[in-house]
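Participant: The structure's right below; bear with me while I get my questions together.
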Amino acid sequence: MNIAPCIALKVNLITLTTDFGPGEYVATMKGVILSIAEDARILDVSHTVQPQDIEQGAYVLYSALPYFREGVHVGVIDPEVGTDRKGIIVECDDHYLVGPDNGLLIPAARKLGLKRVIEIENPEYMLKSVSSTFHGRDVFAPVAAHISLGVDPEEIGKVLDEWVDMDFGIYRARGKELKGRVLHVDSFGNLITNIPAEVVLEKYTFGQKTEMRIAGKRVTVPFLATYSQLDDRGVLLTISSSGFLEVAANRGSAAADLGAKRGSEIQINPAR
Amino acid sequence: MNIAPCIALKVNLITLTTDFGPGEYVATMKGVILSIAEDARILDVSHTVQPQDIEQGAYVLYSALPYFREGVHVGVIDPEVGTDRKGIIVECDDHYLVGPDNGLLIPAARKLGLKRVIEIENPEYMLKSVSSTFHGRDVFAPVAAHISLGVDPEEIGKVLDEWVDMDFGIYRARGKELKGRVLHVDSFGNLITNIPAEVVLEKYTFGQKTEMRIAGKRVTVPFLATYSQLDDRGVLLTISSSGFLEVAANRGSAAADLGAKRGSEIQINPAR
Amino acid sequence: MNIAPCIALKVNLITLTTDFGPGEYVATMKGVILSIAEDARILDVSHTVQPQDIEQGAYVLYSALPYFREGVHVGVIDPEVGTDRKGIIVECDDHYLVGPDNGLLIPAARKLGLKRVIEIENPEYMLKSVSSTFHGRDVFAPVAAHISLGVDPEEIGKVLDEWVDMDFGIYRARGKELKGRVLHVDSFGNLITNIPAEVVLEKYTFGQKTEMRIAGKRVTVPFLATYSQLDDRGVLLTISSSGFLEVAANRGSAAADLGAKRGSEIQINPAR
């Protein structure tokens, strides 16, 4: 007796993260993907990364991708497009990341279980005509679409031994003194630093007052579990939802209040 | 003879409305939803509500949701996240609304046929680790995903007798004089007030000149069916597509021209 | 023996391009579409066209739509909504465009193979109550949804012999001198002109220095294949990914650096 195989519908999620702004550039990438993989589900992670800010893009991918169970994730913050910088596929457990070889994809990939890095070489998996200025559309979108259809990355290029690495920079803990810098300013003006939550929670307890130096200012602020534990408007320290020390303002913008921005150095000590 | 049942594909629409800006916070909510309900269709209503402006969020939900036939609608404008404010599910005819118990969901829910309000209590329907600062991701997204899969809200918590209410504030009609205030400024700079269309249309007819006081100014403006009935650039009154009195500018921004904003008081009388 | 036909799932792509900003207006259009065509796939092209800038909207559609294999494309930049301007369906090879008869849809339609233009007349395919200010929601969204379900456009209205035309304006080539104007400023501040790539490439070669006049300035800039061929920050000429002469800045904004904007005139000559 023959039994027809029950084939599960393959749901193919492709996410997009760029510095293109929401608009026509992203739309052309989606058109290219759907022309190759018509059942792909496409989801925007962010298109408001600051233009050409690779590190901020890396943070966005790092903070968002672990909440997806699986997916092909395209990241395009690509100031060197059209030069000899490589394009890569990073294979992880249940995830593929696709984009330029400039460090952008690496922190997220490492968190997702980086298995191998493949250089994109085979023009059969790109658009017929590849422009010098828009590999998001001409290379990375079609490659992601083909991967979502089950193409083996080794069909697309060769495994690399080396690639451009990135981490979120050095923070320093000496006794209770913590030093680091601002990785990302979110849409509320919260400042997310590169100091991991576990380091902070070893040395400080919620409710404790701290002395913070940032952007040329020295202020005493409480370390609190959440924003509204501050009775009135004002600045506080907390743990970001992505697991880092965060400078926030209750019902306001810490970035505006403190004049701080991405890259600003921060130092905290217990208040006397 | 056995007949295999033909099971219809259940299309589950989940909409999202937040003040998070488009970006990584919204994306993590989508990742969480798809990890639980992989076939959910997710649709953004708005992520550009002014930070922590509950009333504006309530207006956005109220004006958009009635155009959906069914859905699970997550709303997160949540300045009190991490305190003891409740999380709720509001059950309506063919719709569920999920978010904080701060009034945000109520005007829309009432328009959709509010049936009952359930407090979110059961941690089985939340992420394993619930942060203090991001219940959109850790509580409301997973609860919405489970509801879209058919989980009975009473599995998730208990029915409430009381909840935080909200309406769009008092407008006053005395003879032909109408007084109210600006509920929302849209992306064109149109000012949508809380004075319902039916009240205006009882007292004024299209083409009529009115005297308007707003933001310390007193101007004579026509009440017109649509923007371009004004021959040149300039301010006019009309009926918003959501059914309220609207102050608009033909080919311009009424908000900029008048220096008015959300909350500004408005008074209109027939012009002499 | 009877064989039940295997009917393929019809995937119906509907794209949206407006000047509404991302938010509740676009969401109501999506709600209307899904209420009629519940399996429609809806994709945003852009909602950040400058308010009421028909030509910029036309450029966005022209640059994005050719990357889609098929689709029903709604475009709403509609300053004359509520007047007697017509609504139209433009039928092309594998594509339908839906929107106001103000030129917006025509350059893209011509590129996609314009076959015929149909006036939208039949109220059966609109919402029951059509507002004077929001035909995107009340007319164009429902018409697009019905077309995606296979409704013949001639059911919706009559074929037109004339419609409002648009092209991207005159550029002039005299010897090596090229004159044109800025069609679009993208999210990086790149200035996309109306001078076609093929005209530029006939007269100039990559690496060549040019003298550019724009926005009252006269500067010597190189014509390069891509941004980062310039060693340092600075302005350059290149070919846009949509196939026009583009003024760009390596790691910066050409619009800000030059004080140029949409509509600015540009002239280039070989540098002496």
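By order of appearance in the structure tokens: chains A, B, ..., then residues from 1 within every chain, and ligands from 1 in the order shown.
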Residues at most 7 Å from stretch 132-147 of chain C, counting only C-alpha atoms, excluding those fewer than 4 positions away in the same chain, as a list in words?

Facilitator: Ala225, Thr226 and Ser241 of chain B; Thr28, Met29, Val32, Ile33, Ile36, Ala37, Val72, Val74, Val76, Val81, Gly82, Val98, Gly99, Tyr125, Met126, Leu127, Val151, Asp152 and Pro153 of chain C

Participant: Mind writing the picked residues with N, CA and C atoms as an mmCIF file, in the first residue's frame?

Facilitator:
```cif
data_model
loop_
_atom_site.group_PDB
_atom_site.id
_atom_site.type_symbol
_atom_site.label_atom_id
_atom_site.label_comp_id
_atom_site.auth_asym_id
_atom_site.auth_seq_id
_atom_site.Cartn_x
_atom_site.Cartn_y
_atom_site.Cartn_z
ATOM 1 N N ALA B 225 -16.138 70.195 2.894
ATOM 2 C CA ALA B 225 -16.193 68.729 2.809
ATOM 3 C C ALA B 225 -14.814 68.121 2.603
ATOM 4 N N THR B 226 -13.923 68.865 1.950
ATOM 5 C CA THR B 226 -12.588 68.306 1.734
ATOM 6 C C THR B 226 -11.563 69.415 1.556
ATOM 7 N N SER B 241 -11.479 61.580 8.754
ATOM 8 C CA SER B 241 -11.887 60.266 8.250
ATOM 9 C C SER B 241 -12.236 59.318 9.396
ATOM 10 N N THR C 28 -5.518 51.302 8.501
ATOM 11 C CA THR C 28 -6.925 51.136 8.142
ATOM 12 C C THR C 28 -7.044 50.614 6.713
ATOM 13 N N MET C 29 -6.154 51.038 5.832
ATOM 14 C CA MET C 29 -6.179 50.502 4.468
ATOM 15 C C MET C 29 -5.946 48.990 4.491
ATOM 16 N N VAL C 32 -9.061 47.192 5.693
ATOM 17 C CA VAL C 32 -10.066 47.123 4.623
ATOM 18 C C VAL C 32 -9.699 46.025 3.629
ATOM 19 N N ILE C 33 -8.434 45.974 3.225
ATOM 20 C CA ILE C 33 -8.006 44.953 2.254
ATOM 21 C C ILE C 33 -8.246 43.550 2.806
ATOM 22 N N ILE C 36 -11.737 42.133 2.801
ATOM 23 C CA ILE C 36 -12.251 41.708 1.490
ATOM 24 C C ILE C 36 -11.468 40.498 0.974
ATOM 25 N N ALA C 37 -10.164 40.558 1.088
ATOM 26 C CA ALA C 37 -9.300 39.507 0.539
ATOM 27 C C ALA C 37 -8.441 38.985 1.681
ATOM 28 N N VAL C 72 -0.646 43.862 -7.210
ATOM 29 C CA VAL C 72 -1.575 44.980 -7.296
ATOM 30 C C VAL C 72 -0.962 46.076 -6.435
ATOM 31 N N VAL C 74 -1.054 49.829 -4.895
ATOM 32 C CA VAL C 74 -1.855 51.002 -4.563
ATOM 33 C C VAL C 74 -0.907 52.172 -4.318
ATOM 34 N N VAL C 76 -1.080 56.270 -3.254
ATOM 35 C CA VAL C 76 -1.964 57.361 -2.835
ATOM 36 C C VAL C 76 -1.155 58.577 -2.414
ATOM 37 N N VAL C 81 -7.967 64.845 -3.419
ATOM 38 C CA VAL C 81 -9.006 63.920 -2.954
ATOM 39 C C VAL C 81 -10.310 64.673 -2.675
ATOM 40 N N GLY C 82 -11.402 64.075 -3.068
ATOM 41 C CA GLY C 82 -12.705 64.675 -2.788
ATOM 42 C C GLY C 82 -13.191 65.627 -3.856
ATOM 43 N N VAL C 98 -3.252 51.078 -8.821
ATOM 44 C CA VAL C 98 -4.533 51.655 -8.414
ATOM 45 C C VAL C 98 -4.269 52.946 -7.666
ATOM 46 N N GLY C 99 -4.934 54.028 -8.061
ATOM 47 C CA GLY C 99 -4.741 55.291 -7.353
ATOM 48 C C GLY C 99 -5.407 56.440 -8.083
ATOM 49 N N TYR C 125 -17.642 48.229 -5.507
ATOM 50 C CA TYR C 125 -16.280 47.832 -5.157
ATOM 51 C C TYR C 125 -15.592 48.832 -4.228
ATOM 52 N N MET C 126 -16.375 49.760 -3.691
ATOM 53 C CA MET C 126 -15.850 50.723 -2.715
ATOM 54 C C MET C 126 -16.466 50.412 -1.347
ATOM 55 N N LEU C 127 -15.979 51.063 -0.294
ATOM 56 C CA LEU C 127 -16.671 50.963 0.990
ATOM 57 C C LEU C 127 -18.057 51.587 0.854
ATOM 58 N N VAL C 151 -11.326 40.052 -9.832
ATOM 59 C CA VAL C 151 -12.383 40.847 -10.464
ATOM 60 C C VAL C 151 -11.817 41.539 -11.712
ATOM 61 N N ASP C 152 -12.531 41.461 -12.795
ATOM 62 C CA ASP C 152 -12.130 42.112 -14.046
ATOM 63 C C ASP C 152 -12.260 43.632 -13.881
ATOM 64 N N PRO C 153 -11.202 44.385 -14.161
ATOM 65 C CA PRO C 153 -11.284 45.843 -14.024
ATOM 66 C C PRO C 153 -12.471 46.447 -14.778
#
```

Participant: Could the residues of chain C that have an atom at most 6 Å from chain A be listed as JSON lines, each with its closest atom pair and the distance in Å to one decimal, counting only C-alpha atoms and ordered by chain and ascending residue number?

Facilitator:
```
{"residue": "C:Val45", "atom": "CA", "partner": "A:Ala27", "partner_atom": "CA", "distance": 5.0}
{"residue": "C:Ser46", "atom": "CA", "partner": "A:Gly23", "partner_atom": "CA", "distance": 4.2}
{"residue": "C:Ala64", "atom": "CA", "partner": "A:Thr28", "partner_atom": "CA", "distance": 5.1}
{"residue": "C:Tyr67", "atom": "CA", "partner": "A:Gly31", "partner_atom": "CA", "distance": 5.0}
{"residue": "C:Phe68", "atom": "CA", "partner": "A:Gly31", "partner_atom": "CA", "distance": 4.4}
{"residue": "C:Arg69", "atom": "CA", "partner": "A:Ser35", "partner_atom": "CA", "distance": 5.5}
{"residue": "C:Ser187", "atom": "CA", "partner": "A:Gly21", "partner_atom": "CA", "distance": 5.8}
{"residue": "C:Thr226", "atom": "CA", "partner": "A:Ser132", "partner_atom": "CA", "distance": 5.6}
{"residue": "C:Ser228", "atom": "CA", "partner": "A:Glu80", "partner_atom": "CA", "distance": 5.7}
```

Participant: Write the selection just made, keeping all heavy atoms, as a PDB file, in the first residue's frame?

Facilitator:
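What landed in selection35.pdb:
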```pdb
ATOM      1  N   VAL C  45       5.629  49.658   0.321  1.00  0.00           N
ATOM      2  CA  VAL C  45       6.760  50.161  -0.466  1.00  0.00           C
ATOM      3  C   VAL C  45       7.342  51.380   0.230  1.00  0.00           C
ATOM      4  O   VAL C  45       8.493  51.392   0.637  1.00  0.00           O
ATOM      5  CB  VAL C  45       6.351  50.469  -1.917  1.00  0.00           C
ATOM      6  CG1 VAL C  45       7.459  51.216  -2.645  1.00  0.00           C
ATOM      7  CG2 VAL C  45       6.034  49.169  -2.651  1.00  0.00           C
ATOM      8  N   SER C  46       6.545  52.418   0.429  1.00  0.00           N
ATOM      9  CA  SER C  46       7.012  53.573   1.183  1.00  0.00           C
ATOM     10  C   SER C  46       5.802  54.377   1.654  1.00  0.00           C
ATOM     11  O   SER C  46       4.824  54.509   0.919  1.00  0.00           O
ATOM     12  CB  SER C  46       7.911  54.466   0.328  1.00  0.00           C
ATOM     13  OG  SER C  46       8.323  55.604   1.076  1.00  0.00           O
ATOM     14  N   ALA C  64      10.852  51.147  -7.508  1.00  0.00           N
ATOM     15  CA  ALA C  64      10.658  49.928  -6.711  1.00  0.00           C
ATOM     16  C   ALA C  64       9.868  48.842  -7.447  1.00  0.00           C
ATOM     17  O   ALA C  64      10.207  47.672  -7.384  1.00  0.00           O
ATOM     18  CB  ALA C  64       9.963  50.264  -5.395  1.00  0.00           C
ATOM     19  N   TYR C  67      10.998  45.555  -9.468  1.00  0.00           N
ATOM     20  CA  TYR C  67      11.622  44.425  -8.779  1.00  0.00           C
ATOM     21  C   TYR C  67      10.607  43.405  -8.289  1.00  0.00           C
ATOM     22  O   TYR C  67      10.985  42.379  -7.735  1.00  0.00           O
ATOM     23  CB  TYR C  67      12.525  44.921  -7.650  1.00  0.00           C
ATOM     24  CG  TYR C  67      13.760  45.555  -8.226  1.00  0.00           C
ATOM     25  CD1 TYR C  67      13.802  46.914  -8.511  1.00  0.00           C
ATOM     26  CD2 TYR C  67      14.855  44.779  -8.570  1.00  0.00           C
ATOM     27  CE1 TYR C  67      14.913  47.482  -9.102  1.00  0.00           C
ATOM     28  CE2 TYR C  67      15.977  45.343  -9.154  1.00  0.00           C
ATOM     29  CZ  TYR C  67      15.998  46.692  -9.421  1.00  0.00           C
ATOM     30  OH  TYR C  67      17.092  47.240 -10.024  1.00  0.00           O
ATOM     31  N   PHE C  68       9.334  43.695  -8.502  1.00  0.00           N
ATOM     32  CA  PHE C  68       8.294  42.721  -8.168  1.00  0.00           C
ATOM     33  C   PHE C  68       7.882  41.972  -9.431  1.00  0.00           C
ATOM     34  O   PHE C  68       7.768  42.569 -10.501  1.00  0.00           O
ATOM     35  CB  PHE C  68       7.077  43.425  -7.569  1.00  0.00           C
ATOM     36  CG  PHE C  68       7.364  43.969  -6.203  1.00  0.00           C
ATOM     37  CD1 PHE C  68       7.913  45.237  -6.037  1.00  0.00           C
ATOM     38  CD2 PHE C  68       7.122  43.198  -5.080  1.00  0.00           C
ATOM     39  CE1 PHE C  68       8.214  45.731  -4.780  1.00  0.00           C
ATOM     40  CE2 PHE C  68       7.414  43.691  -3.819  1.00  0.00           C
ATOM     41  CZ  PHE C  68       7.961  44.948  -3.668  1.00  0.00           C
ATOM     42  N   ARG C  69       7.648  40.677  -9.296  1.00  0.00           N
ATOM     43  CA  ARG C  69       7.286  39.868 -10.452  1.00  0.00           C
ATOM     44  C   ARG C  69       5.837  40.110 -10.836  1.00  0.00           C
ATOM     45  O   ARG C  69       5.463  40.045 -11.988  1.00  0.00           O
ATOM     46  CB  ARG C  69       7.506  38.393 -10.112  1.00  0.00           C
ATOM     47  CG  ARG C  69       7.737  37.534 -11.319  1.00  0.00           C
ATOM     48  CD  ARG C  69       8.158  36.141 -10.901  1.00  0.00           C
ATOM     49  NE  ARG C  69       7.282  35.630  -9.855  1.00  0.00           N
ATOM     50  CZ  ARG C  69       7.482  34.472  -9.231  1.00  0.00           C
ATOM     51  NH1 ARG C  69       8.520  33.722  -9.532  1.00  0.00           N
ATOM     52  NH2 ARG C  69       6.656  34.074  -8.300  1.00  0.00           N
ATOM     53  N   SER C 187      17.216  58.445   1.809  1.00  0.00           N
ATOM     54  CA  SER C 187      17.379  58.549   3.256  1.00  0.00           C
ATOM     55  C   SER C 187      18.832  58.776   3.670  1.00  0.00           C
ATOM     56  O   SER C 187      19.103  59.125   4.811  1.00  0.00           O
ATOM     57  CB  SER C 187      16.829  57.298   3.935  1.00  0.00           C
ATOM     58  OG  SER C 187      17.350  56.134   3.315  1.00  0.00           O
ATOM     59  N   THR C 226      31.460  53.696  -7.246  1.00  0.00           N
ATOM     60  CA  THR C 226      30.806  53.502  -5.952  1.00  0.00           C
ATOM     61  C   THR C 226      31.359  54.489  -4.923  1.00  0.00           C
ATOM     62  O   THR C 226      32.388  55.125  -5.137  1.00  0.00           O
ATOM     63  CB  THR C 226      30.928  52.050  -5.450  1.00  0.00           C
ATOM     64  OG1 THR C 226      30.066  51.882  -4.321  1.00  0.00           O
ATOM     65  CG2 THR C 226      32.361  51.705  -5.048  1.00  0.00           C
ATOM     66  N   SER C 228      32.718  54.412  -1.830  1.00  0.00           N
ATOM     67  CA  SER C 228      33.937  54.347  -1.031  1.00  0.00           C
ATOM     68  C   SER C 228      35.192  54.337  -1.902  1.00  0.00           C
ATOM     69  O   SER C 228      36.287  54.163  -1.385  1.00  0.00           O
ATOM     70  CB  SER C 228      33.906  53.120  -0.128  1.00  0.00           C
ATOM     71  OG  SER C 228      33.727  51.974  -0.923  1.00  0.00           O
TER      72      SER C 228
END
```

Participant: I need the residues of stretch 15-264 of chain B that end up classed as strand (DSSP E) by DSSP on the backbone, written out as an NGL selection string.

Facilitator: :B and (15-18 or 41-46 or 71-76 or 87-92 or 95-100 or 114-119 or 159-160 or 172-174 or 177-185 or 191-196 or 209-214 or 217-222 or 234-239 or 244-250)

Participant: Find the spatial neighbours of B:Val219, counting only C-alpha atoms, within a cut-off of 10 Å - ignore same-chain residues fewer than 4 positions away - and output them as number ranges by chain.

Facilitator: B: 210-214, 235-236, 258, 268, 271

Participant: Atoms to include: N, CA and C atoms. Write the selected residues as a PDB file, in the first residue's frame.

Facilitator:
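Generated file (result-v5.pdb):
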```
ATOM      1  N   THR B 210     -16.802  79.925   9.681  1.00  0.00           N
ATOM      2  CA  THR B 210     -16.822  79.833  11.143  1.00  0.00           C
ATOM      3  C   THR B 210     -15.712  80.696  11.728  1.00  0.00           C
ATOM      4  N   GLU B 211     -15.917  81.039  12.975  1.00  0.00           N
ATOM      5  CA  GLU B 211     -14.855  81.718  13.717  1.00  0.00           C
ATOM      6  C   GLU B 211     -14.260  80.706  14.686  1.00  0.00           C
ATOM      7  N   MET B 212     -12.978  80.479  14.543  1.00  0.00           N
ATOM      8  CA  MET B 212     -12.313  79.458  15.349  1.00  0.00           C
ATOM      9  C   MET B 212     -11.315  80.110  16.295  1.00  0.00           C
ATOM     10  N   ARG B 213     -11.335  79.700  17.562  1.00  0.00           N
ATOM     11  CA  ARG B 213     -10.285  80.094  18.513  1.00  0.00           C
ATOM     12  C   ARG B 213      -9.471  78.861  18.859  1.00  0.00           C
ATOM     13  N   ILE B 214      -8.171  78.971  18.694  1.00  0.00           N
ATOM     14  CA  ILE B 214      -7.293  77.847  19.003  1.00  0.00           C
ATOM     15  C   ILE B 214      -5.884  78.375  19.234  1.00  0.00           C
ATOM     16  N   VAL B 235      -6.073  77.482   6.086  1.00  0.00           N
ATOM     17  CA  VAL B 235      -6.659  76.612   7.101  1.00  0.00           C
ATOM     18  C   VAL B 235      -8.149  76.452   6.862  1.00  0.00           C
ATOM     19  N   LEU B 236      -8.680  75.298   7.168  1.00  0.00           N
ATOM     20  CA  LEU B 236     -10.111  75.023   7.044  1.00  0.00           C
ATOM     21  C   LEU B 236     -10.543  74.046   8.123  1.00  0.00           C
ATOM     22  N   LEU B 258      -0.849  77.089  12.834  1.00  0.00           N
ATOM     23  CA  LEU B 258      -1.569  77.650  13.975  1.00  0.00           C
ATOM     24  C   LEU B 258      -0.781  77.552  15.283  1.00  0.00           C
ATOM     25  N   ILE B 268     -15.410  76.830  18.338  1.00  0.00           N
ATOM     26  CA  ILE B 268     -15.896  77.398  17.078  1.00  0.00           C
ATOM     27  C   ILE B 268     -17.301  77.962  17.238  1.00  0.00           C
ATOM     28  N   ALA B 271     -19.307  82.401  11.921  1.00  0.00           N
ATOM     29  CA  ALA B 271     -18.742  83.735  11.692  1.00  0.00           C
ATOM     30  C   ALA B 271     -19.875  84.711  11.467  1.00  0.00           C
TER      31      ALA B 271
END
```

Participant: Return the single residue from C:Tyr59, C:Tyr96, C:Phe223, C:Tyr204 that is closest to C:Arg262, with distances computed using only C-alpha atoms.

Facilitator: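 Smallest separation from C:Arg262 among the options: C:Tyr59.
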
Participant: Which is closest to C:Asp231 among C:Arg251, C:Leu104, C:Ile120, C:Ile192, if we use only C-alpha atoms?

Facilitator: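 Using only C-alpha atoms, the shortest distance to C:Asp231 belongs to C:Arg251.
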
Participant: Pick the closest to B:Ala197 from B:Asn250, B:Thr17, B:Ser264, B:Thr238: which is it, counting only C-alpha atoms?

Facilitator: B:Thr238

Participant: Contacts of C:Asp165 at 12 Å or less, counting only C-alpha atoms, minus same-chain residues fewer than 3 places along, as a VMD selection string?

Facilitator: chain C and resid 54 to 55 58 100 to 110 117 161 to 162 168 to 169

Participant: Could you save those same residues with C-alpha atoms as a compact mmCIF listing (two decimals), in the first residue's frame?

Facilitator:
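And here is the file that came out, part35.txt:
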```
# COMPACT_ATOMS: atom_id res chain seq x y z
CA ILE C 54 3.16 63.48 -6.61
CA GLU C 55 6.41 63.45 -8.57
CA ALA C 58 5.98 58.56 -8.98
CA PRO C 100 -5.68 58.84 -8.32
CA ASP C 101 -5.54 60.07 -11.91
CA ASN C 102 -2.86 62.68 -11.30
CA GLY C 103 0.17 61.21 -13.04
CA LEU C 104 1.46 59.36 -9.97
CA LEU C 105 1.11 55.87 -11.43
CA ILE C 106 2.14 56.52 -15.02
CA PRO C 107 5.98 56.39 -15.10
CA ALA C 108 5.99 53.07 -13.21
CA ALA C 109 3.12 51.73 -15.32
CA ARG C 110 4.92 52.57 -18.53
CA VAL C 117 -6.39 52.67 -17.98
CA ASP C 161 -8.75 57.17 -23.73
CA GLU C 162 -7.06 59.99 -21.84
CA PHE C 168 10.42 62.99 -15.00
CA GLY C 169 11.01 66.23 -16.85
```
